[in-house]
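So this one's my_file.cif, mmCIF, C-alpha atoms:
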```cif
data_work
#
loop_
_atom_site.group_PDB
_atom_site.id
_atom_site.type_symbol
_atom_site.label_atom_id
_atom_site.label_comp_id
_atom_site.auth_asym_id
_atom_site.auth_seq_id
_atom_site.Cartn_x
_atom_site.Cartn_y
_atom_site.Cartn_z
ATOM 1 C CA MET A 3 101.484 90.223 99.815
ATOM 2 C CA ILE A 4 98.347 92.338 99.408
ATOM 3 C CA LYS A 5 96.422 93.211 96.263
ATOM 4 C CA CYS A 6 93.370 95.433 95.868
ATOM 5 C CA GLU A 7 91.507 95.080 92.578
ATOM 6 C CA ASN A 8 88.918 97.786 91.870
ATOM 7 C CA LEU A 9 88.223 98.068 95.600
ATOM 8 C CA THR A 10 84.989 99.892 96.342
ATOM 9 C CA TYR A 11 83.653 100.428 99.849
ATOM 10 C CA ALA A 12 80.901 102.376 101.592
ATOM 11 C CA TYR A 13 80.029 102.084 105.269
ATOM 12 C CA PRO A 14 76.591 100.551 105.892
ATOM 13 C CA ALA A 15 73.858 103.188 105.787
ATOM 14 C CA SER A 16 71.298 103.778 108.520
ATOM 15 C CA GLU A 17 67.599 103.726 107.677
ATOM 16 C CA GLU A 18 67.614 107.529 107.413
ATOM 17 C CA GLU A 19 70.634 107.495 105.117
ATOM 18 C CA GLN A 20 69.287 104.825 102.784
ATOM 19 C CA ALA A 21 67.125 107.380 101.012
ATOM 20 C CA VAL A 22 70.247 109.428 100.264
ATOM 21 C CA LYS A 23 73.061 108.344 97.972
ATOM 22 C CA ILE A 24 76.004 107.439 100.216
ATOM 23 C CA LYS A 25 79.407 108.376 98.824
ATOM 24 C CA ASN A 26 81.842 105.505 98.620
ATOM 25 C CA VAL A 27 85.025 105.742 100.679
ATOM 26 C CA PHE A 28 86.814 104.070 97.748
ATOM 27 C CA GLU A 29 85.804 103.641 94.134
ATOM 28 C CA ASN A 30 87.763 101.193 91.965
ATOM 29 C CA LEU A 31 90.976 101.577 93.974
ATOM 30 C CA ASN A 32 93.899 99.431 92.781
ATOM 31 C CA LEU A 33 96.985 98.760 94.904
ATOM 32 C CA LYS A 34 99.698 96.140 95.350
ATOM 33 C CA ILE A 35 101.920 95.742 98.424
ATOM 34 C CA GLU A 36 104.972 93.609 97.731
ATOM 35 C CA LYS A 37 106.054 90.918 100.182
ATOM 36 C CA GLY A 38 108.899 92.072 102.437
ATOM 37 C CA SER A 39 108.335 95.768 101.703
ATOM 38 C CA PHE A 40 107.869 98.663 104.142
ATOM 39 C CA THR A 41 105.087 101.002 103.032
ATOM 40 C CA ALA A 42 103.965 104.182 104.797
ATOM 41 C CA VAL A 43 100.470 105.552 104.156
ATOM 42 C CA LEU A 44 99.840 109.264 104.712
ATOM 43 C CA GLY A 45 96.834 111.552 104.470
ATOM 44 C CA HIS A 46 94.425 113.736 106.404
ATOM 45 C CA ASN A 47 91.872 112.322 108.833
ATOM 46 C CA GLY A 48 88.956 111.013 106.802
ATOM 47 C CA CYS A 49 90.980 110.280 103.662
ATOM 48 C CA GLY A 50 90.436 106.508 103.989
ATOM 49 C CA LYS A 51 93.768 105.333 105.471
ATOM 50 C CA SER A 52 92.350 103.344 108.382
ATOM 51 C CA THR A 53 89.428 102.055 106.336
ATOM 52 C CA LEU A 54 91.922 100.733 103.782
ATOM 53 C CA ALA A 55 94.056 99.134 106.506
ATOM 54 C CA LYS A 56 91.025 97.284 107.897
ATOM 55 C CA HIS A 57 90.552 95.672 104.477
ATOM 56 C CA PHE A 58 94.060 94.218 104.716
ATOM 57 C CA ASN A 59 93.089 91.657 107.356
ATOM 58 C CA ALA A 60 89.364 91.376 106.614
ATOM 59 C CA ILE A 61 88.047 93.506 109.466
ATOM 60 C CA LEU A 62 86.141 95.210 106.653
ATOM 61 C CA LEU A 63 85.056 93.529 103.423
ATOM 62 C CA PRO A 64 84.712 95.224 100.011
ATOM 63 C CA THR A 65 81.313 96.306 98.759
ATOM 64 C CA GLY A 66 82.814 96.032 95.285
ATOM 65 C CA GLY A 67 86.017 94.625 93.821
ATOM 66 C CA LYS A 68 88.414 92.299 95.618
ATOM 67 C CA VAL A 69 91.160 92.316 98.226
ATOM 68 C CA TYR A 70 93.666 89.469 98.356
ATOM 69 C CA VAL A 71 96.026 88.739 101.271
ATOM 70 C CA ALA A 72 98.794 86.258 100.417
ATOM 71 C CA GLY A 73 96.603 85.201 97.501
ATOM 72 C CA MET A 74 93.500 84.641 99.662
ATOM 73 C CA ASP A 75 90.246 86.423 98.814
ATOM 74 C CA THR A 76 89.162 88.296 101.967
ATOM 75 C CA SER A 77 85.476 87.862 101.084
ATOM 76 C CA ARG A 78 85.796 84.064 101.359
ATOM 77 C CA TYR A 79 84.881 83.094 104.934
ATOM 78 C CA GLU A 80 86.922 79.896 104.811
ATOM 79 C CA TYR A 81 90.110 81.979 104.456
ATOM 80 C CA LEU A 82 89.379 84.320 107.374
ATOM 81 C CA PHE A 83 91.422 82.387 109.940
ATOM 82 C CA ASP A 84 94.516 82.219 107.720
ATOM 83 C CA ILE A 85 94.169 85.856 106.629
ATOM 84 C CA ARG A 86 94.081 87.064 110.250
ATOM 85 C CA LYS A 87 97.040 84.820 111.047
ATOM 86 C CA ASN A 88 99.065 86.128 108.102
ATOM 87 C CA ALA A 89 98.226 89.825 108.481
ATOM 88 C CA GLY A 90 98.281 91.071 112.063
ATOM 89 C CA MET A 91 97.057 94.523 113.012
ATOM 90 C CA VAL A 92 98.362 96.903 115.680
ATOM 91 C CA PHE A 93 96.017 99.735 116.613
ATOM 92 C CA GLN A 94 96.582 103.299 117.796
ATOM 93 C CA ASN A 95 95.790 102.703 121.464
ATOM 94 C CA PRO A 96 97.538 99.639 122.934
ATOM 95 C CA ASP A 97 95.131 99.654 125.901
ATOM 96 C CA ASN A 98 92.359 98.683 123.474
ATOM 97 C CA GLN A 99 94.378 95.672 122.323
ATOM 98 C CA ILE A 100 95.904 94.321 125.534
ATOM 99 C CA VAL A 101 93.703 91.717 127.261
ATOM 100 C CA ALA A 102 95.968 90.117 129.899
ATOM 101 C CA ALA A 103 97.348 91.423 133.190
ATOM 102 C CA ILE A 104 100.855 89.969 132.739
ATOM 103 C CA VAL A 105 103.145 90.573 129.749
ATOM 104 C CA GLU A 106 103.917 86.923 128.970
ATOM 105 C CA ASP A 107 100.222 86.003 129.206
ATOM 106 C CA GLU A 108 99.375 88.772 126.767
ATOM 107 C CA VAL A 109 101.914 87.558 124.220
ATOM 108 C CA ALA A 110 100.823 83.938 124.669
ATOM 109 C CA PHE A 111 97.124 84.754 124.188
ATOM 110 C CA ALA A 112 97.018 84.616 120.375
ATOM 111 C CA PRO A 113 99.067 81.415 119.840
ATOM 112 C CA GLU A 114 97.016 79.710 122.579
ATOM 113 C CA ASN A 115 93.884 80.525 120.617
ATOM 114 C CA LEU A 116 95.540 79.171 117.484
ATOM 115 C CA GLY A 117 96.054 75.822 119.259
ATOM 116 C CA VAL A 118 99.853 76.013 119.327
ATOM 117 C CA GLU A 119 101.607 73.479 121.585
ATOM 118 C CA PRO A 120 102.565 74.859 125.060
ATOM 119 C CA SER A 121 106.307 74.278 124.546
ATOM 120 C CA GLU A 122 106.163 76.134 121.219
ATOM 121 C CA ILE A 123 104.191 78.964 122.837
ATOM 122 C CA ARG A 124 106.916 79.309 125.473
ATOM 123 C CA ARG A 125 109.569 79.516 122.771
ATOM 124 C CA ARG A 126 107.614 82.102 120.773
ATOM 125 C CA VAL A 127 106.916 84.263 123.829
ATOM 126 C CA ASP A 128 110.592 84.334 124.790
ATOM 127 C CA ASP A 129 111.716 84.957 121.212
ATOM 128 C CA VAL A 130 109.332 87.805 120.379
ATOM 129 C CA LEU A 131 109.850 89.601 123.695
ATOM 130 C CA LYS A 132 113.557 89.527 122.970
ATOM 131 C CA ILE A 133 112.966 90.856 119.458
ATOM 132 C CA VAL A 134 110.998 93.885 120.729
ATOM 133 C CA GLY A 135 113.377 94.499 123.634
ATOM 134 C CA MET A 136 110.956 93.505 126.397
ATOM 135 C CA SER A 137 112.609 90.359 127.790
ATOM 136 C CA ASP A 138 113.136 92.003 131.176
ATOM 137 C CA TYR A 139 109.383 92.551 131.508
ATOM 138 C CA THR A 140 108.170 88.964 131.005
ATOM 139 C CA THR A 141 106.334 88.796 134.337
ATOM 140 C CA ALA A 142 105.600 92.525 134.636
ATOM 141 C CA SER A 143 102.090 93.944 134.900
ATOM 142 C CA THR A 144 100.873 95.296 131.577
ATOM 143 C CA ALA A 145 99.098 98.111 133.431
ATOM 144 C CA GLY A 146 102.416 99.421 134.777
ATOM 145 C CA LEU A 147 104.123 99.759 131.386
ATOM 146 C CA SER A 148 104.759 103.035 129.580
ATOM 147 C CA GLY A 149 102.880 103.765 126.360
ATOM 148 C CA GLY A 150 105.860 102.781 124.219
ATOM 149 C CA GLN A 151 106.364 99.558 126.164
ATOM 150 C CA LYS A 152 102.684 98.654 125.825
ATOM 151 C CA GLN A 153 102.857 99.208 122.094
ATOM 152 C CA ARG A 154 105.937 96.976 121.829
ATOM 153 C CA VAL A 155 104.071 94.274 123.765
ATOM 154 C CA ALA A 156 101.156 94.662 121.335
ATOM 155 C CA ILE A 157 103.608 94.168 118.455
ATOM 156 C CA ALA A 158 105.092 91.121 120.215
ATOM 157 C CA SER A 159 101.586 89.665 120.586
ATOM 158 C CA ILE A 160 101.124 89.902 116.816
ATOM 159 C CA LEU A 161 104.601 88.487 116.146
ATOM 160 C CA ALA A 162 103.794 85.448 118.295
ATOM 161 C CA MET A 163 101.347 84.380 115.556
ATOM 162 C CA GLU A 164 104.304 84.427 113.117
ATOM 163 C CA PRO A 165 102.569 86.624 110.517
ATOM 164 C CA GLU A 166 104.000 87.542 107.144
ATOM 165 C CA CYS A 167 102.628 91.075 107.396
ATOM 166 C CA ILE A 168 102.019 93.639 110.134
ATOM 167 C CA ILE A 169 99.648 96.561 109.637
ATOM 168 C CA LEU A 170 100.143 99.429 112.086
ATOM 169 C CA ASP A 171 97.349 102.011 112.287
ATOM 170 C CA GLU A 172 98.961 105.137 113.754
ATOM 171 C CA PRO A 173 100.746 103.111 116.464
ATOM 172 C CA THR A 174 102.673 106.094 117.818
ATOM 173 C CA ALA A 175 99.884 108.696 117.870
ATOM 174 C CA MET A 176 99.476 108.480 121.654
ATOM 175 C CA LEU A 177 103.175 108.205 122.518
ATOM 176 C CA ASP A 178 105.838 110.679 123.575
ATOM 177 C CA PRO A 179 108.918 111.176 121.336
ATOM 178 C CA GLN A 180 110.902 108.454 123.119
ATOM 179 C CA GLY A 181 108.033 105.987 122.826
ATOM 180 C CA ARG A 182 107.650 106.810 119.114
ATOM 181 C CA LYS A 183 111.348 106.236 118.578
ATOM 182 C CA GLU A 184 111.207 102.839 120.347
ATOM 183 C CA VAL A 185 108.253 101.614 118.315
ATOM 184 C CA ILE A 186 109.503 102.777 114.902
ATOM 185 C CA SER A 187 112.954 101.353 115.607
ATOM 186 C CA THR A 188 111.316 98.004 116.394
ATOM 187 C CA VAL A 189 109.180 98.123 113.232
ATOM 188 C CA LYS A 190 112.174 98.987 111.052
ATOM 189 C CA MET A 191 114.173 96.102 112.526
ATOM 190 C CA LEU A 192 111.338 93.619 111.911
ATOM 191 C CA ASN A 193 111.229 94.637 108.273
ATOM 192 C CA GLU A 194 114.980 94.615 107.674
ATOM 193 C CA LYS A 195 116.024 91.577 109.712
ATOM 194 C CA LYS A 196 112.893 89.423 109.816
ATOM 195 C CA HIS A 197 111.669 90.416 106.321
ATOM 196 C CA ILE A 198 108.149 91.027 107.620
ATOM 197 C CA THR A 199 105.960 93.114 105.334
ATOM 198 C CA VAL A 200 105.121 96.361 107.131
ATOM 199 C CA ILE A 201 102.296 98.783 106.372
ATOM 200 C CA LEU A 202 102.520 101.876 108.574
ATOM 201 C CA ILE A 203 99.747 104.458 108.741
ATOM 202 C CA THR A 204 101.111 107.610 110.323
ATOM 203 C CA HIS A 205 100.766 111.366 110.676
ATOM 204 C CA TYR A 206 104.479 111.714 111.466
ATOM 205 C CA MET A 207 106.462 112.436 108.324
ATOM 206 C CA ASP A 208 109.790 111.564 109.954
ATOM 207 C CA GLU A 209 108.436 108.046 110.506
ATOM 208 C CA ALA A 210 107.430 107.776 106.861
ATOM 209 C CA THR A 211 111.001 108.508 105.751
ATOM 210 C CA GLN A 212 111.973 105.111 107.222
ATOM 211 C CA ALA A 213 109.800 103.301 104.667
ATOM 212 C CA ASP A 214 110.729 101.993 101.216
ATOM 213 C CA ARG A 215 107.567 103.470 99.736
ATOM 214 C CA VAL A 216 105.199 106.299 100.637
ATOM 215 C CA ILE A 217 101.557 106.424 99.582
ATOM 216 C CA VAL A 218 99.607 109.682 99.981
ATOM 217 C CA MET A 219 95.809 109.483 100.043
ATOM 218 C CA GLN A 220 93.122 112.116 99.638
ATOM 219 C CA LYS A 221 89.370 111.504 99.690
ATOM 220 C CA GLY A 222 89.799 107.796 99.080
ATOM 221 C CA ASP A 223 92.202 108.166 96.166
ATOM 222 C CA ILE A 224 95.933 107.466 95.959
ATOM 223 C CA ILE A 225 97.434 110.719 94.685
ATOM 224 C CA MET A 226 101.145 110.022 95.305
ATOM 225 C CA ASP A 227 103.004 106.719 95.357
ATOM 226 C CA ASP A 228 106.800 106.667 95.252
ATOM 227 C CA VAL A 229 109.983 106.347 97.292
ATOM 228 C CA PRO A 230 110.200 108.790 100.250
ATOM 229 C CA LYS A 231 112.783 111.056 98.607
ATOM 230 C CA LYS A 232 110.576 111.677 95.587
ATOM 231 C CA VAL A 233 107.358 112.139 97.537
ATOM 232 C CA PHE A 234 108.829 114.551 100.085
ATOM 233 C CA SER A 235 110.612 116.580 97.418
ATOM 234 C CA ARG A 236 107.123 117.740 96.387
ATOM 235 C CA VAL A 237 106.958 120.140 99.333
ATOM 236 C CA ASP A 238 104.542 122.676 97.872
ATOM 237 C CA GLU A 239 102.121 119.983 96.691
ATOM 238 C CA LEU A 240 102.099 118.294 100.094
ATOM 239 C CA LYS A 241 101.529 121.598 101.858
ATOM 240 C CA ALA A 242 98.668 122.372 99.481
ATOM 241 C CA LEU A 243 97.107 119.127 100.709
ATOM 242 C CA GLY A 244 97.513 120.313 104.295
ATOM 243 C CA LEU A 245 100.272 117.803 105.020
ATOM 244 C CA ASP A 246 103.659 118.388 106.594
ATOM 245 C CA VAL A 247 107.074 117.272 105.381
ATOM 246 C CA PRO A 248 109.981 115.976 107.510
ATOM 247 C CA GLN A 249 111.563 118.769 109.564
ATOM 248 C CA VAL A 250 114.897 118.474 107.800
ATOM 249 C CA THR A 251 113.124 118.751 104.417
ATOM 250 C CA GLU A 252 111.303 121.846 105.666
ATOM 251 C CA LEU A 253 114.642 123.357 106.696
ATOM 252 C CA THR A 254 116.337 122.726 103.350
ATOM 253 C CA HIS A 255 113.279 124.051 101.496
ATOM 254 C CA MET A 256 113.527 127.316 103.491
ATOM 255 C CA LEU A 257 117.266 127.561 102.872
ATOM 256 C CA LYS A 258 116.680 127.138 99.131
ATOM 257 C CA ASP A 259 114.340 130.147 99.300
ATOM 258 C CA TYR A 260 117.262 132.103 100.762
ATOM 259 C CA GLY A 261 119.456 131.181 97.810
ATOM 260 C CA TYR A 262 121.270 128.071 99.050
ATOM 261 C CA ASN A 263 121.719 125.541 96.258
ATOM 262 C CA LEU A 264 120.561 122.374 98.050
ATOM 263 C CA PRO A 265 119.047 119.153 96.652
ATOM 264 C CA ASP A 266 115.246 118.940 96.682
ATOM 265 C CA ASP A 267 115.148 115.411 98.083
ATOM 266 C CA ILE A 268 116.926 115.684 101.455
ATOM 267 C CA ILE A 269 115.020 113.720 104.115
ATOM 268 C CA ASP A 270 117.892 112.706 106.400
ATOM 269 C CA ILE A 271 119.653 114.853 109.042
ATOM 270 C CA ASP A 272 123.133 113.532 108.235
ATOM 271 C CA GLU A 273 122.584 114.145 104.530
ATOM 272 C CA CYS A 274 121.503 117.709 105.291
ATOM 273 C CA ALA A 275 124.534 118.301 107.515
ATOM 274 C CA ASN A 276 126.904 117.031 104.820
ATOM 275 C CA GLU A 277 125.358 119.371 102.242
ATOM 276 C CA LEU A 278 125.556 122.381 104.583
ATOM 277 C CA ILE A 279 129.203 121.663 105.417
ATOM 278 C CA LYS A 280 130.015 122.259 101.745
ATOM 279 C CA PHE A 281 129.103 125.944 102.190
ATOM 280 C CA LEU A 282 131.703 126.302 104.950
ATOM 281 C CA LYS A 283 134.615 125.131 102.797
#
```
In structure tokens, how does this file's structure come out?
Amino acid sequence: MIKCENLTYAYPASEEEQAVKIKNVFENLNLKIEKGSFTAVLGHNGCGKSTLAKHFNAILLPTGGKVYVAGMDTSRYEYLFDIRKNAGMVFQNPDNQIVAAIVEDEVAFAPENLGVEPSEIRRRVDDVLKIVGMSDYTTASTAGLSGGQKQRVAIASILAMEPECIILDEPTAMLDPQGRKEVISTVKMLNEKKHITVILITHYMDEATQADRVIVMQKGDIIMDDVPKKVFSRVDELKALGLDVPQVTELTHMLKDYGYNLPDDIIDIDECANELIKFLK
């Protein structure tokens, strides 16, 4: 779905900065995201996660190397329309993305701009609001929605374009636990049932456990890339990077220090409970 070949990028320098060598955010970064996959990207603020995500739908363009979305070179202007249609982006703050006062108008906004027929727009609006669990809010005011509901409407607005890929840049950072649960549940369902490629940038490790693949970044480099169980089993390495691990993994790691013989790769509450039950028999 997405391929980075020797991606190099540096933000444009001001006149004052031009006399100083500006460090690249990325240097010769290579990455492939398979179609239909669910990838979580982790790392500290400033590691390059959001900058990378903005290359995935041509908000930013490489200063070196290439990025391809569904085979289309993002640096080719003639592909920009199709790239943005195929790879939709959901940002951290839904208020920065919502433009209409009524939910159905918000969801219809993108397909209207794509020139979709009115009857098809109506079908898409109804379908995607049902998918994200917002059918009862079709005529509701967007301003009166909760944070989680706004984020689900933002996701519906992207879905109405019928993209192959959705990139979510910390979509739950401003939400309460219930709102986070609603959004991640929706994202997981879209990946599993609709086979939409999902790229999730997050600071919440429990969200990352839902993915098929976890990428850990530091200073513009990919330093870990594996399935969640293998990445989160590297507790000490992640902590050395200043990152957390899922709470259940933290618990089992502490219990191992107390002498309990538990697997290193527990990331699921039920799995942890089943292992602990064995000590009661």
Could you give me, as CSV, a per-residue list for stretch 150-261 of chain A showing, wherever an atom lies at most 9 Å from an atom of stretch 125-129 of chain A, the closest pair of atoms and their distance in Å to one decimal, using only C-alpha atoms and sorting by chain then residue number from low to high?
```
residue,atom,partner,partner_atom,distance
A:Ala158,CA,A:Val127,CA,8.0
A:Ser159,CA,A:Val127,CA,8.3
A:Leu161,CA,A:Arg126,CA,8.4
A:Ala162,CA,A:Arg126,CA,5.7
A:Met163,CA,A:Arg126,CA,8.5
A:Glu164,CA,A:Arg126,CA,8.7
```
**Report entry** Selection: 10 Å around A:His46, all atoms listed in the file, excl. self and same-chain fewer than 3 positions, as a PyMOL selection string
**Finding:** chain A and resi 49-51+204-205+218-221+243-245
Using only C-alpha atoms, which residues sit within 8 Å of A:Pro165 once same-chain residues fewer than 2 positions away are excluded, as a compact mmCIF listing (two decimals) with C-alpha atoms, keeping the file's coordinate frame?
```txt
# COMPACT_ATOMS: atom_id res chain seq x y z
CA LYS A 87 97.04 84.82 111.05
CA ASN A 88 99.06 86.13 108.10
CA ALA A 89 98.23 89.82 108.48
CA GLY A 90 98.28 91.07 112.06
CA ILE A 160 101.12 89.90 116.82
CA LEU A 161 104.60 88.49 116.15
CA ALA A 162 103.79 85.45 118.30
CA MET A 163 101.35 84.38 115.56
CA CYS A 167 102.63 91.08 107.40
CA ILE A 168 102.02 93.64 110.13
CA ILE A 198 108.15 91.03 107.62
```
Report task. Identify, on the basis of all atoms listed in the file, every residue whose closest approach to stretch 253-270 of chain A does not exceed 7 Å; exclude the query and any residue fewer than 4 positions from it along the same chain; express the result as a PyMOL selection string. Result -> chain A and resi 211+231-232+234-235+248-249+274
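The residue that comes closest to A:Ile61, out of A:Glu122, A:Ile169, A:Ile100, A:Asp246 and on the basis of all atoms listed in the file, is A:Ile169.
Counting all atoms listed in the file and comparing A:His197, A:Lys68, A:Lys132, A:Lys241, the residue that lies closest to A:Glu29 is A:Lys68.
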Report task. Give me the result of the PyMOL selection byres ((chain A and resi 99) around 10) on this file, residue by residue, as a list of chain:residue names. Result -> A:Met91, A:Val92, A:Phe93, A:Gln94, A:Asn95, A:Pro96, A:Asp97, A:Asn98, A:Ile100, A:Val101, A:Ala102, A:Glu108, A:Lys152, A:Gln153, A:Val155, A:Ala156, A:Ser159
Carefully work through the PyMOL selection byres ((chain A and resi 33) around 8) for this structure and note down the residues it includes, as a PDB file with C-alpha atoms, keeping the file's coordinate frame.
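That gives us out-v2.pdb:
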```pdb
ATOM      1  CA  ILE A   4      98.347  92.338  99.408  1.00  0.00           C
ATOM      2  CA  LYS A   5      96.422  93.211  96.263  1.00  0.00           C
ATOM      3  CA  CYS A   6      93.370  95.433  95.868  1.00  0.00           C
ATOM      4  CA  GLU A   7      91.507  95.080  92.578  1.00  0.00           C
ATOM      5  CA  LEU A  31      90.976 101.577  93.974  1.00  0.00           C
ATOM      6  CA  ASN A  32      93.899  99.431  92.781  1.00  0.00           C
ATOM      7  CA  LYS A  34      99.698  96.140  95.350  1.00  0.00           C
ATOM      8  CA  ILE A  35     101.920  95.742  98.424  1.00  0.00           C
TER       9      ILE A  35
END
```
Given the PyMOL selection byres ((chain A and resi 40) around 7) and the file above, list the residues it selects as a compact mmCIF listing (two decimals) with C-alpha atoms, keeping the file's coordinate frame.
```txt
# COMPACT_ATOMS: atom_id res chain seq x y z
CA GLY A 38 108.90 92.07 102.44
CA SER A 39 108.34 95.77 101.70
CA THR A 41 105.09 101.00 103.03
CA ALA A 42 103.96 104.18 104.80
CA ASN A 193 111.23 94.64 108.27
CA THR A 199 105.96 93.11 105.33
CA VAL A 200 105.12 96.36 107.13
CA ILE A 201 102.30 98.78 106.37
CA ALA A 213 109.80 103.30 104.67
CA ASP A 214 110.73 101.99 101.22
CA ARG A 215 107.57 103.47 99.74
```
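The interatomic distance for the pair atom CA of A:Thr188 and atom CA of A:Met207 works out to 17.2 Å.
The two atoms in question, atom CA of A:Leu44 and atom CA of A:Lys56, are spaced 15.2 Å apart.
Between atom CA of A:Met191 and atom CA of A:Val134 the interatomic distance comes to 9.1 Å.
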Query - Selected residue of minimal separation from A:Asp171 among A:Tyr70, A:Tyr81, A:Tyr139, A:Phe58, counting only C-alpha atoms - result: A:Phe58
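Using all atoms listed in the file, the smallest distance between any of A:Asp84, A:Asp138, A:Asp75, A:Asp223 and A:Val105 comes from A:Asp138.
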Query - For stretch 144-151 of chain A: contacts at 8 Å, all atoms listed in the file, fewer than 3 positions along chain excluded, given as a PyMOL selection string - result: chain A and resi 96+100+102-105+136+154-155+174+176-178+180-182+184-185
Kindly write stretch 208-219 of chain A with N, CA and C atoms to a file, as a PDB file, in the first residue's frame.
```
ATOM      1  N   ASP A 208      -1.486   0.241  24.975  1.00  0.00           N
ATOM      2  CA  ASP A 208      -2.601  -0.711  24.899  1.00  0.00           C
ATOM      3  C   ASP A 208      -3.312  -0.635  23.550  1.00  0.00           C
ATOM      4  N   GLU A 209      -3.285   0.531  22.917  1.00  0.00           N
ATOM      5  CA  GLU A 209      -3.843   0.654  21.566  1.00  0.00           C
ATOM      6  C   GLU A 209      -2.961  -0.079  20.555  1.00  0.00           C
ATOM      7  N   ALA A 210      -1.664   0.034  20.741  1.00  0.00           N
ATOM      8  CA  ALA A 210      -0.723  -0.588  19.805  1.00  0.00           C
ATOM      9  C   ALA A 210      -0.821  -2.107  19.817  1.00  0.00           C
ATOM     10  N   THR A 211      -1.254  -2.681  20.943  1.00  0.00           N
ATOM     11  CA  THR A 211      -1.382  -4.146  21.001  1.00  0.00           C
ATOM     12  C   THR A 211      -2.463  -4.658  20.053  1.00  0.00           C
ATOM     13  N   GLN A 212      -3.364  -3.772  19.608  1.00  0.00           N
ATOM     14  CA  GLN A 212      -4.435  -4.175  18.693  1.00  0.00           C
ATOM     15  C   GLN A 212      -3.932  -4.354  17.260  1.00  0.00           C
ATOM     16  N   ALA A 213      -2.736  -3.838  16.984  1.00  0.00           N
ATOM     17  CA  ALA A 213      -2.204  -3.865  15.618  1.00  0.00           C
ATOM     18  C   ALA A 213      -1.599  -5.218  15.267  1.00  0.00           C
ATOM     19  N   ASP A 214      -1.359  -5.417  13.975  1.00  0.00           N
ATOM     20  CA  ASP A 214      -0.654  -6.609  13.485  1.00  0.00           C
ATOM     21  C   ASP A 214       0.861  -6.419  13.607  1.00  0.00           C
ATOM     22  N   ARG A 215       1.271  -5.155  13.574  1.00  0.00           N
ATOM     23  CA  ARG A 215       2.685  -4.816  13.494  1.00  0.00           C
ATOM     24  C   ARG A 215       2.944  -3.534  14.279  1.00  0.00           C
ATOM     25  N   VAL A 216       4.056  -3.494  14.983  1.00  0.00           N
ATOM     26  CA  VAL A 216       4.425  -2.304  15.749  1.00  0.00           C
ATOM     27  C   VAL A 216       5.793  -1.818  15.283  1.00  0.00           C
ATOM     28  N   ILE A 217       5.859  -0.546  14.945  1.00  0.00           N
ATOM     29  CA  ILE A 217       7.108   0.102  14.561  1.00  0.00           C
ATOM     30  C   ILE A 217       7.471   1.100  15.653  1.00  0.00           C
ATOM     31  N   VAL A 218       8.712   1.045  16.133  1.00  0.00           N
ATOM     32  CA  VAL A 218       9.195   1.994  17.137  1.00  0.00           C
ATOM     33  C   VAL A 218      10.246   2.879  16.475  1.00  0.00           C
ATOM     34  N   MET A 219      10.063   4.203  16.616  1.00  0.00           N
ATOM     35  CA  MET A 219      10.982   5.154  16.002  1.00  0.00           C
ATOM     36  C   MET A 219      11.755   5.933  17.063  1.00  0.00           C
TER      37      MET A 219
END
```
